[in-house]
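**Q** Structure file protein-v1.cif, mmCIF, C-alpha atoms, is pasted below:
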data_target
#
loop_
_atom_site.label_atom_id
_atom_site.label_comp_id
_atom_site.auth_asym_id
_atom_site.auth_seq_id
_atom_site.Cartn_x
_atom_site.Cartn_y
_atom_site.Cartn_z
CA MET A 1 -215.88 -13.18 -69.57
CA THR A 2 -214.84 -16.80 -70.20
CA ASN A 3 -213.76 -18.80 -67.19
CA ILE A 4 -210.00 -18.75 -67.06
CA ASP A 5 -208.29 -21.60 -65.19
CA LEU A 6 -204.55 -20.98 -65.05
CA LEU A 7 -203.95 -24.36 -63.39
CA GLN A 8 -204.87 -26.06 -66.68
CA MET A 9 -201.62 -24.70 -68.11
CA VAL A 10 -199.08 -25.86 -65.51
CA GLU A 11 -197.36 -29.06 -64.44
CA SER A 12 -195.97 -27.76 -61.17
CA GLY A 13 -196.79 -24.35 -59.81
CA GLY A 14 -195.27 -21.93 -57.35
CA CYS A 15 -191.97 -22.59 -55.66
CA SER A 16 -192.31 -26.34 -56.40
CA ALA A 17 -191.15 -25.42 -59.91
CA LYS A 18 -187.71 -24.43 -58.60
CA ILE A 19 -184.64 -26.18 -59.99
CA PRO A 20 -183.63 -28.78 -57.36
CA ALA A 21 -181.12 -27.33 -54.87
CA VAL A 22 -178.60 -30.14 -55.43
CA GLN A 23 -178.42 -29.39 -59.17
CA LEU A 24 -178.40 -25.64 -58.64
CA ASP A 25 -175.45 -25.85 -56.22
CA GLU A 26 -173.55 -27.90 -58.80
CA ILE A 27 -174.12 -25.28 -61.51
CA LEU A 28 -173.40 -22.22 -59.36
CA ARG A 29 -170.13 -23.47 -57.89
CA TYR A 30 -168.33 -22.78 -61.17
CA PHE A 31 -169.12 -19.07 -61.03
CA PRO A 32 -166.66 -16.87 -59.16
CA LEU A 33 -168.32 -14.38 -56.83
CA PRO A 34 -167.72 -10.71 -57.65
CA ASP A 35 -165.13 -9.15 -55.38
CA ASP A 36 -166.38 -5.77 -54.13
CA PRO A 37 -166.30 -4.60 -50.48
CA ASP A 38 -169.70 -2.94 -50.94
CA ILE A 39 -171.35 -6.29 -51.64
CA LEU A 40 -172.45 -7.08 -48.10
CA ILE A 41 -174.39 -10.25 -48.88
CA ASN A 42 -174.06 -12.40 -51.97
CA ILE A 43 -175.10 -15.90 -53.00
CA ASP A 44 -172.25 -17.39 -50.94
CA THR A 45 -174.46 -17.90 -47.89
CA HIS A 46 -177.56 -18.77 -49.96
CA ASP A 47 -179.41 -15.86 -48.46
CA ASP A 48 -182.78 -14.54 -49.62
CA ALA A 49 -181.47 -11.46 -51.42
CA GLY A 50 -178.26 -9.68 -52.30
CA VAL A 51 -177.30 -6.57 -50.31
CA TYR A 52 -175.18 -3.72 -51.70
CA ARG A 53 -173.87 -0.84 -49.57
CA VAL A 54 -174.47 2.61 -51.08
CA ASN A 55 -173.02 4.49 -48.08
CA ASP A 56 -172.69 4.02 -44.32
CA GLU A 57 -176.38 4.73 -43.80
CA LEU A 58 -177.94 2.94 -46.76
CA ALA A 59 -177.74 -0.42 -48.48
CA LEU A 60 -179.92 -1.81 -51.26
CA VAL A 61 -181.56 -5.21 -50.89
CA PHE A 62 -182.16 -6.71 -54.33
CA THR A 63 -184.11 -9.85 -55.19
CA THR A 64 -186.24 -11.50 -57.85
CA ASP A 65 -188.69 -14.36 -57.82
CA PHE A 66 -191.23 -15.60 -60.33
CA PHE A 67 -193.14 -18.84 -60.88
CA PRO A 68 -196.00 -20.61 -62.70
CA PRO A 69 -199.58 -20.33 -61.37
CA VAL A 70 -200.55 -21.81 -58.02
CA CYS A 71 -204.27 -21.11 -58.42
CA SER A 72 -206.88 -20.82 -61.14
CA ASP A 73 -207.73 -17.15 -60.83
CA PRO A 74 -205.35 -14.68 -62.54
CA TYR A 75 -205.90 -11.87 -60.02
CA GLU A 76 -205.16 -14.13 -57.05
CA PHE A 77 -202.11 -15.56 -58.81
CA GLY A 78 -200.79 -12.01 -59.21
CA GLN A 79 -201.36 -11.32 -55.51
CA ILE A 80 -199.58 -14.49 -54.38
CA ALA A 81 -196.62 -14.07 -56.74
CA ALA A 82 -196.10 -10.47 -55.61
CA ALA A 83 -196.33 -11.32 -51.89
CA ASN A 84 -193.76 -14.05 -52.49
CA SER A 85 -191.39 -11.73 -54.38
CA VAL A 86 -191.46 -9.00 -51.75
CA SER A 87 -190.91 -11.53 -48.97
CA ASP A 88 -187.16 -11.83 -49.59
CA ILE A 89 -186.76 -8.12 -48.78
CA TYR A 90 -188.65 -8.55 -45.50
CA ALA A 91 -186.56 -11.61 -44.61
CA MET A 92 -183.44 -9.40 -44.77
CA GLY A 93 -184.95 -6.73 -42.51
CA GLY A 94 -185.42 -4.39 -45.46
CA LYS A 95 -188.14 -1.99 -46.55
CA PRO A 96 -189.27 -2.76 -50.12
CA VAL A 97 -189.38 0.36 -52.28
CA ILE A 98 -189.55 -0.25 -56.04
CA ALA A 99 -190.18 -3.24 -58.29
CA LEU A 100 -190.32 -4.41 -61.90
CA ASN A 101 -192.90 -6.88 -63.21
CA ILE A 102 -191.60 -10.07 -64.83
CA MET A 103 -194.21 -11.79 -66.98
CA MET A 104 -194.30 -14.79 -69.29
CA PHE A 105 -197.72 -15.08 -70.91
CA PRO A 106 -199.28 -17.07 -73.78
CA ILE A 107 -200.83 -14.09 -75.50
CA ALA A 108 -202.37 -16.15 -78.34
CA LYS A 109 -203.91 -18.70 -75.96
CA LEU A 110 -205.28 -16.67 -73.08
CA PRO A 111 -207.37 -13.49 -73.21
CA ALA A 112 -205.53 -10.26 -72.48
CA GLU A 113 -207.81 -9.69 -69.50
CA ALA A 114 -206.02 -12.54 -67.72
CA TYR A 115 -202.74 -10.68 -68.25
CA ARG A 116 -204.29 -7.50 -66.91
CA ASP A 117 -205.74 -9.30 -63.87
CA ILE A 118 -202.39 -10.89 -62.95
CA LEU A 119 -200.75 -7.45 -63.08
CA LYS A 120 -203.63 -5.94 -61.09
CA GLY A 121 -203.21 -8.58 -58.35
CA GLY A 122 -199.48 -7.87 -58.25
CA ALA A 123 -200.02 -4.11 -58.16
CA ASP A 124 -202.54 -4.31 -55.32
CA ILE A 125 -200.17 -6.35 -53.12
CA ALA A 126 -197.25 -4.10 -54.06
CA SER A 127 -199.33 -1.13 -53.01
CA LEU A 128 -200.08 -2.75 -49.62
CA ALA A 129 -196.34 -3.26 -49.20
CA GLY A 130 -195.65 0.39 -50.09
CA VAL A 131 -193.83 -0.66 -53.28
CA SER A 132 -194.04 1.30 -56.54
CA ILE A 133 -193.95 -0.86 -59.66
CA ILE A 134 -192.02 1.24 -62.13
CA GLY A 135 -191.76 -1.00 -65.17
CA GLY A 136 -191.26 -4.58 -66.26
CA HIS A 137 -190.64 -7.04 -69.02
CA SER A 138 -192.85 -9.59 -70.75
CA ILE A 139 -192.27 -12.60 -73.01
CA ASP A 140 -194.76 -14.66 -75.02
CA ASP A 141 -194.44 -18.14 -73.52
CA HIS A 142 -196.69 -21.17 -73.20
CA THR A 143 -196.91 -21.45 -69.44
CA PRO A 144 -197.74 -18.20 -67.64
CA LYS A 145 -195.16 -17.15 -65.07
CA TYR A 146 -195.18 -13.99 -63.01
CA GLY A 147 -193.20 -12.30 -60.28
CA LEU A 148 -191.28 -9.18 -59.38
CA ALA A 149 -187.71 -7.97 -59.15
CA VAL A 150 -187.72 -5.85 -56.00
CA VAL A 151 -185.34 -3.29 -54.52
CA GLY A 152 -185.53 -2.41 -50.84
CA TYR A 153 -183.64 -0.23 -48.40
CA VAL A 154 -181.85 -1.44 -45.31
CA HIS A 155 -179.41 0.18 -42.91
CA PRO A 156 -176.05 -1.60 -43.40
CA ARG A 157 -175.82 -2.34 -39.66
CA LYS A 158 -179.41 -3.60 -39.39
CA ILE A 159 -179.29 -6.33 -42.02
CA ILE A 160 -181.02 -9.54 -40.98
CA SER A 161 -179.45 -12.56 -42.62
CA ASN A 162 -179.58 -16.32 -42.55
CA ALA A 163 -176.03 -16.14 -41.15
CA GLY A 164 -177.27 -14.39 -38.00
CA ALA A 165 -178.58 -17.36 -35.96
CA ARG A 166 -176.74 -17.77 -32.63
CA PRO A 167 -176.57 -20.64 -30.11
CA GLY A 168 -179.39 -20.27 -27.61
CA ASP A 169 -181.79 -18.66 -30.12
CA ILE A 170 -185.33 -19.99 -30.41
CA LEU A 171 -186.68 -20.53 -33.93
CA ILE A 172 -190.07 -19.02 -34.64
CA LEU A 173 -192.03 -19.77 -37.81
CA THR A 174 -194.70 -17.21 -38.68
CA LYS A 175 -196.95 -19.04 -41.16
CA PRO A 176 -198.39 -22.57 -41.20
CA LEU A 177 -196.82 -25.16 -43.52
CA GLY A 178 -198.44 -27.27 -46.20
CA THR A 179 -198.86 -25.13 -49.33
CA GLY A 180 -197.08 -27.64 -51.61
CA ILE A 181 -199.06 -30.62 -50.30
CA ILE A 182 -202.44 -28.84 -50.42
CA LEU A 183 -201.80 -27.51 -53.95
CA ALA A 184 -200.81 -31.01 -55.15
CA GLY A 185 -203.92 -32.38 -53.44
CA GLN A 186 -206.04 -29.76 -55.19
CA ARG A 187 -205.01 -31.04 -58.62
CA LEU A 188 -206.14 -34.53 -57.59
CA GLY A 189 -209.43 -33.43 -56.04
CA LEU A 190 -208.31 -34.34 -52.51
CA THR A 191 -208.95 -30.92 -50.98
CA SER A 192 -212.04 -28.90 -50.09
CA GLU A 193 -212.80 -25.33 -51.18
CA ASP A 194 -212.18 -24.19 -47.59
CA GLU A 195 -208.67 -25.66 -47.61
CA ILE A 196 -207.90 -23.98 -50.93
CA ASP A 197 -209.19 -20.65 -49.61
CA GLU A 198 -207.03 -21.07 -46.51
CA VAL A 199 -203.90 -21.89 -48.49
CA LYS A 200 -204.46 -18.90 -50.82
CA SER A 201 -204.91 -16.59 -47.88
CA VAL A 202 -201.66 -17.88 -46.29
CA MET A 203 -199.77 -17.31 -49.57
CA LYS A 204 -201.17 -13.78 -50.11
CA HIS A 205 -200.27 -12.69 -46.59
CA LEU A 206 -197.34 -10.26 -46.72
CA ASN A 207 -194.46 -10.94 -44.35
CA LYS A 208 -194.47 -7.23 -43.54
CA SER A 209 -195.78 -7.42 -39.97
CA GLY A 210 -193.29 -10.21 -39.19
CA ALA A 211 -190.46 -8.05 -40.54
CA ASP A 212 -191.61 -5.01 -38.52
CA ILE A 213 -191.53 -7.13 -35.36
CA MET A 214 -188.05 -8.46 -36.22
CA ASN A 215 -186.81 -4.90 -36.58
CA LYS A 216 -188.47 -3.81 -33.32
CA TYR A 217 -186.75 -6.63 -31.40
CA CYS A 218 -183.40 -6.25 -33.23
CA ILE A 219 -183.46 -9.83 -34.55
CA LYS A 220 -180.28 -10.68 -36.46
CA GLY A 221 -181.03 -14.06 -38.04
CA ALA A 222 -183.93 -14.96 -40.31
CA THR A 223 -184.93 -16.39 -43.66
CA ASP A 224 -188.23 -16.95 -45.43
CA ILE A 225 -189.51 -20.44 -46.12
CA THR A 226 -190.07 -21.11 -49.81
CA GLY A 227 -189.10 -23.79 -52.33
CA PHE A 228 -186.59 -25.73 -50.24
CA GLY A 229 -189.09 -26.27 -47.44
CA LEU A 230 -188.60 -25.69 -43.72
CA ALA A 231 -185.85 -28.33 -43.50
CA GLY A 232 -183.98 -26.98 -46.55
CA HIS A 233 -184.06 -23.36 -45.42
CA ALA A 234 -183.21 -24.30 -41.81
CA LEU A 235 -180.18 -26.20 -43.15
CA LYS A 236 -179.09 -23.19 -45.21
CA MET A 237 -179.45 -21.02 -42.09
CA ALA A 238 -177.42 -23.47 -39.97
CA ARG A 239 -174.63 -23.65 -42.56
CA ALA A 240 -174.50 -19.88 -43.09
CA SER A 241 -174.46 -19.25 -39.31
CA ASP A 242 -172.10 -22.17 -38.59
CA VAL A 243 -174.42 -23.52 -35.90
CA SER A 244 -176.68 -26.54 -35.54
CA ILE A 245 -180.45 -26.31 -35.61
CA THR A 246 -182.94 -28.65 -33.98
CA LEU A 247 -186.48 -28.75 -35.36
CA ASN A 248 -189.35 -30.15 -33.25
CA LEU A 249 -191.85 -31.38 -35.78
CA LYS A 250 -194.77 -31.80 -33.36
CA SER A 251 -194.67 -28.01 -32.88
CA LEU A 252 -195.09 -27.17 -36.56
CA PRO A 253 -198.07 -25.00 -37.40
CA LEU A 254 -199.96 -26.66 -40.28
CA ILE A 255 -202.61 -25.50 -42.72
CA SER A 256 -205.87 -27.43 -42.01
CA ASN A 257 -205.80 -31.06 -43.09
CA THR A 258 -202.19 -30.93 -44.31
CA TYR A 259 -201.40 -33.93 -42.12
CA SER A 260 -204.35 -36.05 -43.30
CA ILE A 261 -203.72 -35.23 -46.97
CA THR A 262 -200.04 -36.17 -46.55
CA ASP A 263 -201.18 -39.39 -44.87
CA LEU A 264 -203.04 -40.31 -48.09
CA GLY A 265 -199.62 -40.40 -49.76
CA CYS A 266 -199.98 -36.93 -51.29
CA ILE A 267 -196.27 -36.12 -51.16
CA PRO A 268 -195.14 -33.93 -54.07
CA GLY A 269 -191.91 -34.77 -55.91
CA ALA A 270 -190.36 -31.53 -54.61
CA SER A 271 -190.48 -32.92 -51.04
CA PHE A 272 -188.30 -35.85 -52.10
CA ARG A 273 -185.84 -33.49 -53.81
CA ASN A 274 -185.67 -31.38 -50.65
CA LEU A 275 -185.18 -34.50 -48.51
CA GLU A 276 -182.29 -35.52 -50.76
CA TYR A 277 -180.82 -32.02 -50.40
CA VAL A 278 -180.82 -32.04 -46.60
CA GLU A 279 -180.23 -35.64 -45.61
CA ASN A 280 -176.42 -35.77 -45.66
CA ASP A 281 -176.25 -32.91 -43.18
CA THR A 282 -179.24 -33.95 -41.11
CA PHE A 283 -179.87 -36.37 -38.27
CA PHE A 284 -183.45 -37.60 -38.43
CA ASP A 285 -184.68 -39.12 -35.17
CA ASP A 286 -185.34 -42.88 -35.52
CA ASP A 287 -188.99 -42.80 -34.53
CA LEU A 288 -189.80 -39.68 -36.53
CA ASP A 289 -193.39 -39.36 -37.77
CA TYR A 290 -192.93 -39.93 -41.51
CA ASN A 291 -195.72 -37.56 -42.53
CA LEU A 292 -194.29 -34.72 -40.44
CA LYS A 293 -190.83 -35.39 -41.87
CA MET A 294 -192.18 -34.97 -45.40
CA ILE A 295 -194.18 -31.87 -44.36
CA ALA A 296 -190.90 -30.38 -43.08
CA CYS A 297 -189.53 -30.97 -46.61
CA ASP A 298 -192.66 -29.61 -48.35
CA SER A 299 -191.87 -26.85 -50.81
CA GLN A 300 -193.66 -23.68 -49.68
CA THR A 301 -194.90 -20.89 -51.89
CA SER A 302 -194.84 -17.49 -50.16
CA GLY A 303 -194.17 -19.15 -46.81
CA GLY A 304 -193.51 -17.50 -43.47
CA LEU A 305 -190.42 -16.07 -41.85
CA LEU A 306 -188.18 -18.35 -39.82
CA MET A 307 -186.62 -16.11 -37.16
CA ALA A 308 -183.79 -16.91 -34.77
CA VAL A 309 -184.85 -15.04 -31.63
CA PRO A 310 -182.81 -14.73 -28.42
CA GLN A 311 -184.58 -16.90 -25.85
CA GLU A 312 -185.37 -14.05 -23.44
CA LYS A 313 -187.28 -12.19 -26.17
CA SER A 314 -189.04 -15.20 -27.67
CA ASP A 315 -192.29 -15.13 -25.64
CA GLU A 316 -192.75 -11.43 -26.27
CA VAL A 317 -192.03 -11.83 -30.01
CA ILE A 318 -194.55 -14.68 -30.29
CA SER A 319 -197.19 -12.66 -28.52
CA GLU A 320 -196.61 -9.64 -30.80
CA LEU A 321 -196.80 -11.86 -33.88
CA HIS A 322 -200.09 -13.33 -32.66
CA LYS A 323 -201.49 -9.83 -32.11
CA ASN A 324 -200.42 -8.70 -35.58
CA GLY A 325 -202.28 -11.14 -37.80
CA LEU A 326 -199.79 -14.03 -37.56
CA GLU A 327 -201.83 -16.12 -35.11
CA GLU A 328 -200.22 -19.39 -36.20
CA SER A 329 -196.68 -18.27 -35.31
CA SER A 330 -194.99 -21.00 -33.27
CA LYS A 331 -191.68 -21.93 -31.73
CA VAL A 332 -190.50 -24.77 -33.96
CA GLY A 333 -186.96 -25.39 -32.77
CA PHE A 334 -183.75 -23.94 -31.37
CA VAL A 335 -180.16 -23.16 -32.22
CA THR A 336 -177.09 -24.75 -30.60
CA GLY A 337 -173.37 -24.53 -31.19
CA LYS A 338 -172.18 -26.56 -34.18
CA ARG A 339 -172.60 -30.29 -33.52
CA GLU A 340 -171.74 -33.24 -35.76
CA ARG A 341 -174.54 -32.41 -38.19
CA TYR A 342 -176.09 -29.08 -39.09
CA LEU A 343 -179.70 -30.15 -38.70
CA TYR A 344 -181.39 -32.37 -36.08
CA VAL A 345 -185.01 -33.29 -36.64
CA ASN A 346 -187.12 -34.65 -33.75
CA ASN A 347 -190.80 -35.41 -33.31
CA MET B 1 -201.28 -60.81 -58.04
CA GLN B 2 -202.96 -57.40 -58.12
CA THR B 3 -201.33 -54.79 -60.38
CA VAL B 4 -201.49 -51.04 -59.81
CA ASP B 5 -200.80 -49.42 -63.19
CA VAL B 6 -199.68 -45.82 -62.74
CA ARG B 7 -197.91 -45.50 -66.09
CA GLY B 8 -198.15 -41.93 -67.36
CA GLN B 9 -198.94 -40.62 -63.87
CA LYS B 10 -196.75 -38.14 -62.05
CA CYS B 11 -196.09 -37.89 -58.34
CA PRO B 12 -197.83 -37.94 -55.98
CA VAL B 13 -200.31 -40.29 -57.77
CA PRO B 14 -198.07 -43.44 -57.65
CA ILE B 15 -197.55 -43.06 -53.89
CA ILE B 16 -201.24 -42.36 -53.24
CA GLU B 17 -202.30 -45.43 -55.25
CA THR B 18 -199.63 -47.60 -53.61
CA LYS B 19 -200.67 -46.50 -50.13
CA LYS B 20 -204.33 -47.13 -50.95
CA THR B 21 -203.55 -50.65 -52.19
CA LEU B 22 -201.30 -51.37 -49.18
CA GLY B 23 -204.26 -50.51 -46.96
CA MET B 24 -206.43 -53.11 -48.72
CA THR B 25 -203.75 -55.82 -48.88
CA GLU B 26 -203.46 -58.56 -46.25
CA ALA B 27 -200.22 -58.85 -44.31
CA GLY B 28 -197.75 -61.06 -46.18
CA ALA B 29 -199.53 -60.65 -49.55
CA SER B 30 -197.87 -58.92 -52.53
CA PHE B 31 -198.91 -56.64 -55.40
CA LYS B 32 -197.19 -54.98 -58.34
CA VAL B 33 -196.89 -51.33 -59.27
CA LEU B 34 -196.04 -50.31 -62.86
CA THR B 35 -194.53 -46.91 -63.63
CA ASP B 36 -192.78 -45.51 -66.70
CA ARG B 37 -191.42 -42.39 -65.04
CA GLN B 38 -187.98 -42.41 -63.45
CA PRO B 39 -188.83 -39.71 -60.85
CA SER B 40 -191.96 -41.64 -59.83
CA PHE B 41 -189.88 -44.82 -59.49
CA ASN B 42 -187.26 -42.98 -57.41
CA ASN B 43 -189.82 -41.31 -55.14
CA LEU B 44 -191.92 -44.43 -54.68
CA THR B 45 -188.96 -46.67 -53.81
CA ARG B 46 -187.66 -43.98 -51.44
CA PHE B 47 -191.08 -43.89 -49.78
CA LEU B 48 -191.05 -47.70 -49.41
CA LYS B 49 -187.52 -47.76 -47.97
CA ASP B 50 -188.23 -44.98 -45.48
CA ASN B 51 -191.34 -46.80 -44.32
CA LYS B 52 -189.48 -50.15 -44.14
CA ILE B 53 -191.85 -51.80 -46.62
CA GLN B 54 -190.36 -54.80 -48.48
CA PHE B 55 -190.13 -54.55 -52.24
CA SER B 56 -188.14 -55.66 -55.28
CA SER B 57 -187.95 -53.96 -58.65
CA ALA B 58 -187.08 -54.68 -62.26
CA GLU B 59 -186.92 -52.45 -65.34
CA SER B 60 -187.79 -53.48 -68.87
CA ASP B 61 -188.30 -51.22 -71.93
CA GLY B 62 -188.65 -48.12 -69.79
CA VAL B 63 -191.23 -49.62 -67.46
CA TRP B 64 -190.40 -50.36 -63.83
CA THR B 65 -192.23 -53.16 -62.06
CA ILE B 66 -192.12 -52.82 -58.29
CA THR B 67 -193.29 -55.86 -56.36
CA ILE B 68 -194.38 -54.86 -52.87
CA THR B 69 -195.04 -57.22 -49.98
CA LYS B 70 -197.06 -55.97 -47.06
CA ASN B 71 -195.17 -56.45 -43.81
CA THR B 72 -196.45 -59.11 -41.45
#
Would you write the structure of this file as C-alpha cells?
**A**
Amino acid sequence: MTNIDLLQMVESGGCSAKIPAVQLDEILRYFPLPDDPDILINIDTHDDAGVYRVNDELALVFTTDFFPPVCSDPYEFGQIAAANSVSDIYAMGGKPVIALNIMMFPIAKLPAEAYRDILKGGADIASLAGVSIIGGHSIDDHTPKYGLAVVGYVHPRKIISNAGARPGDILILTKPLGTGIILAGQRLGLTSEDEIDEVKSVMKHLNKSGADIMNKYCIKGATDITGFGLAGHALKMARASDVSITLNLKSLPLISNTYSITDLGCIPGASFRNLEYVENDTFFDDDLDYNLKMIACDSQTSGGLLMAVPQEKSDEVISELHKNGLEESSKVGFVTGKRERYLYVNN
Amino acid sequence: MQTVDVRGQKCPVPIIETKKTLGMTEAGASFKVLTDRQPSFNNLTRFLKDNKIQFSSAESDGVWTITITKNT
C-alpha cells in the first residue's frame, strides 16, 4: 500500500475550516425560523443540534458535522470525524441511534482504500457509540471531507441545552484545549510525535461518558467545544441562557505543550476570527496572559463538553468524570446573573 | 533595516517569524515585515496591537509593509 497523507490535500482541517461565526450570523439572519410547536430547539439559540418532539416521551435530536482531514491517516481521520459528529447529540443529553455518512473524496487522486479506511474509522467509532450507520452520500471532490448526520433520542423533559446555564453554576470542561494550535504546529514541524498522538487521542475520545454523567446528575446546561473555541461557545451559552459567564484561564486544561507552541506565535487564523466574534460582548481582564487568551479562542476539533453544574454537585461531578476516563476535566469558570457583558475572561 | 519576507505564507507563519525576529531585535530597533495576504496582515497587526508593540503599515500593489519597532 502506498503511504497516504491526507494532510497534503488540505489548507485548514477540522473545525478550523468552519465559516467564521460573524459571517454565518449575517447570512442566517435572513432566514425565518420554521414555526412548529414540536420544534423544541432550533438554530435560534445556536445550540449544538435541533430537537423535534415526536410525542410526550420522545424527541429526536438531529445534527450533522463534517470537515477536511486533521491527520494523515485515513482510518484515524474517520474515527475523529465520527466522534466529532456524534458529540452534538451527547451535548444535548441525547442517545445517538442512527447516522448517515457524508463523504467528499477525490476518487481519481487517492486510492479507494483510503475511502474505505475513512469509512471503517467512522464505523468503528459509531459502533462504540451504539450508532448504526444506515446509509450515506458521496461526492467526487478535490479535498476529502467526512462526517456524519446523526439522529439521537432524548426525553423531551430531559433535554440539555446551551440555554440551561443558571446563576451559581460552575462550568466544567471535560477535555483539554489546544487541538487547533497543535494541528497548525504540526504542519510547520513545531510538534513532536507524542503531542500529535495525544491530540489525536483527545479528538477520538467520545463524549459519551461525559453525557452519561450529565444525565445522572440531571445537568440542564451544556454545549460541546468545537470550531468557535471555548470563548465562542461560552458566549453562545451565556447569550442563550441570558446570564454572564466568567472564565478563569489559569484553570484551563491544556494538551501538552499547547502553551509553549502558542508562545512561539503559532496562533491559527481561526483564533483571530473567534476573538473578533466574542470581543464586543466580552470583558477581557487588563493583565490577561495573551497566550491563554488566544488558547481560549482556539478552534477545537471534537472538543470536550462544557457543562453548567450546580455548585453543590460540582465536586462529585468532577470526581466521576476523572474516574470515567476524563482525567483532565476541570472547573474553568462560573455563571452569574446577567451583567454588563455576557463574557468575562480573567487569568 | 532587517526585512522579514513572509509573502505567500499563511497564518500562523507571519506571526511566528515576527515573534522570532522581535526576540533577536534590540529594544528601540526596527524591522520590516512583508506580506501579500490580507488575513495575514489583519492577524499580524491585531497581534501587535494586543501586545502593545509599536508599528506602522503601508500597502502598495497588494503587498503590505509593516514596520515594527521593539519597545524600549
**Q** Within 8 Å of chain A, which residues of chain B show up? Give each one with its shortest atom-to-atom distance in Å (one decimal) and the two atoms involved, counting only C-alpha atoms, rows by chain then rising residue number, as CSV.
**A**
residue,atom,partner,partner_atom,distance
B:Cys11,CA,A:Gly269,CA,5.8
B:Pro12,CA,A:Pro268,CA,5.2
B:Val13,CA,A:Cys266,CA,7.3
B:Ile15,CA,A:Gly265,CA,5.3
B:Ile16,CA,A:Gly265,CA,4.3
B:Glu17,CA,A:Gly265,CA,7.9
B:Lys19,CA,A:Gly265,CA,6.2
B:Lys20,CA,A:Leu264,CA,7.5
B:Pro39,CA,A:Gly269,CA,7.6
B:Ser40,CA,A:Gly269,CA,7.9
B:Asn43,CA,A:Phe272,CA,6.4
B:Asp50,CA,A:Tyr290,CA,8.0
B:Asn51,CA,A:Tyr290,CA,7.6
**Q** To one decimal place in Å, what is the distance between CA of Lys200 (chain A) and CA of Thr301 (chain A)?
**A**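 Calculated distance between CA of Lys200 (chain A) and CA of Thr301 (chain A) is 9.8 Å.
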**Q** Separation of CA of Pro167 (chain A) and CA of Lys323 (chain A), in Å?
**A**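 Distance between the two atoms: 27.2 Å.
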**Q** Which one of B:Thr72, B:Gln9, B:Thr67, B:Thr18 sits closest to Phe31 (chain B) if you count all atoms listed in the file?
**A** B:Thr67
**Q** Which value, in Å to one decimal, gives the distance between CA of Gly94 (chain A) and CA of Tyr153 (chain A)?
**A** 5.4 Å
**Q** Rank nothing, just name the residue among A:Asp242, A:Asp73, A:Asp285, A:Asp65 nearest to Gly227 (chain A), using only C-alpha atoms.
**A**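 Of A:Asp242, A:Asp73, A:Asp285, A:Asp65, the one nearest Gly227 (chain A) is A:Asp65, counting only C-alpha atoms.
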**Q** So, counting only C-alpha atoms, which residue among A:Pro253, A:Pro69, A:Gly78, A:Pro32 is closest to Pro176 (chain A)?
**A**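 The shortest atom-to-atom distance to Pro176 (chain A) comes from A:Pro253.
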**Q** Give me, as a short mmCIF file (atom, residue, chain, number, x, y, z; two decimals) with C-alpha atoms, keeping the file's coordinate frame, all polymer residues having an atom no more than 6 Å from region 55-65 of chain B, counting only C-alpha atoms and skipping those fewer than 6 positions away in the same chain.
**A**
data_model
loop_
_atom_site.label_atom_id
_atom_site.label_comp_id
_atom_site.auth_asym_id
_atom_site.auth_seq_id
_atom_site.Cartn_x
_atom_site.Cartn_y
_atom_site.Cartn_z
CA VAL B 33 -196.89 -51.33 -59.27
CA LEU B 34 -196.04 -50.31 -62.86
CA THR B 35 -194.53 -46.91 -63.63
CA ASP B 36 -192.78 -45.51 -66.70
#
**Q** Quick one: which residues end up in the PyMOL selection byres ((chain B and resi 27-29) around 12) for this structure, as a PyMOL selection string?
**A** chain B and resi 1-2+21-26+30-32+53-55+67-72
**Q** When the PyMOL selection byres ((chain A and resi 314-317) around 12) is applied to the file above, which residues end up in the set, as number ranges by chain?
**A** A: 168-174, 209-219, 307-313, 318-324, 326-327, 329-334
**Q** Do a neighbour search on Phe284 (chain A) at 7 Å with only C-alpha atoms, toss out local chain neighbours closer than 4 positions, and write the hits as a ChimeraX atom specification.
**A** /A:288,344-346
**Q** Compile the contact shell of region 108-110 of chain A as a PyMOL selection string: residues with an atom at most 9 Å away, counting only C-alpha atoms, same-chain residues fewer than 6 positions apart removed.
**A** chain A and resi 4+140+142
**Q** Please write the residues from the selection above to a file, keeping C-alpha atoms, as an mmCIF file, in the frame of the given file.
**A**
data_model
loop_
_atom_site.group_PDB
_atom_site.id
_atom_site.type_symbol
_atom_site.label_atom_id
_atom_site.label_comp_id
_atom_site.auth_asym_id
_atom_site.auth_seq_id
_atom_site.Cartn_x
_atom_site.Cartn_y
_atom_site.Cartn_z
ATOM 1 C CA ILE A 4 -210.000 -18.750 -67.060
ATOM 2 C CA ASP A 140 -194.760 -14.660 -75.020
ATOM 3 C CA HIS A 142 -196.690 -21.170 -73.200
#
**Q** Can you turn the PyMOL selection byres ((chain A and resi 279) around 10) into a concrete residue list for this file, as a list in words?
**A**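 Applied to this file, the PyMOL selection byres ((chain A and resi 279) around 10) returns Ala231, Gly232, Leu235, Asn274, Leu275, Glu276, Tyr277, Val278, Asn280, Asp281, Thr282, Phe283, Phe284, Arg341 and Leu343 of chain A.
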**Q** For region 96-101 of chain A in the structure I just supplied, write out N, CA and C atoms - as a tab-separated table (two decimals), in the first residue's frame.
**A**
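Writing done, so here's decode_6.tsv:
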chain	number	residue	atom	x	y	z
A	96	PRO	N	-27.33	8.78	20.86
A	96	PRO	CA	-27.26	8.66	19.41
A	96	PRO	C	-27.72	7.28	18.95
A	97	VAL	N	-28.46	7.24	17.85
A	97	VAL	CA	-29.06	5.97	17.44
A	97	VAL	C	-28.67	5.57	16.01
A	98	ILE	N	-28.93	6.44	15.05
A	98	ILE	CA	-28.62	6.12	13.65
A	98	ILE	C	-27.87	7.28	13.01
A	99	ALA	N	-27.16	6.96	11.92
A	99	ALA	CA	-26.38	8.01	11.25
A	99	ALA	C	-26.25	7.70	9.76
A	100	LEU	N	-25.97	8.76	9.00
A	100	LEU	CA	-25.63	8.64	7.58
A	100	LEU	C	-24.21	9.18	7.39
A	101	ASN	N	-23.44	8.49	6.55
A	101	ASN	CA	-22.11	9.00	6.19
A	101	ASN	C	-22.24	10.16	5.21
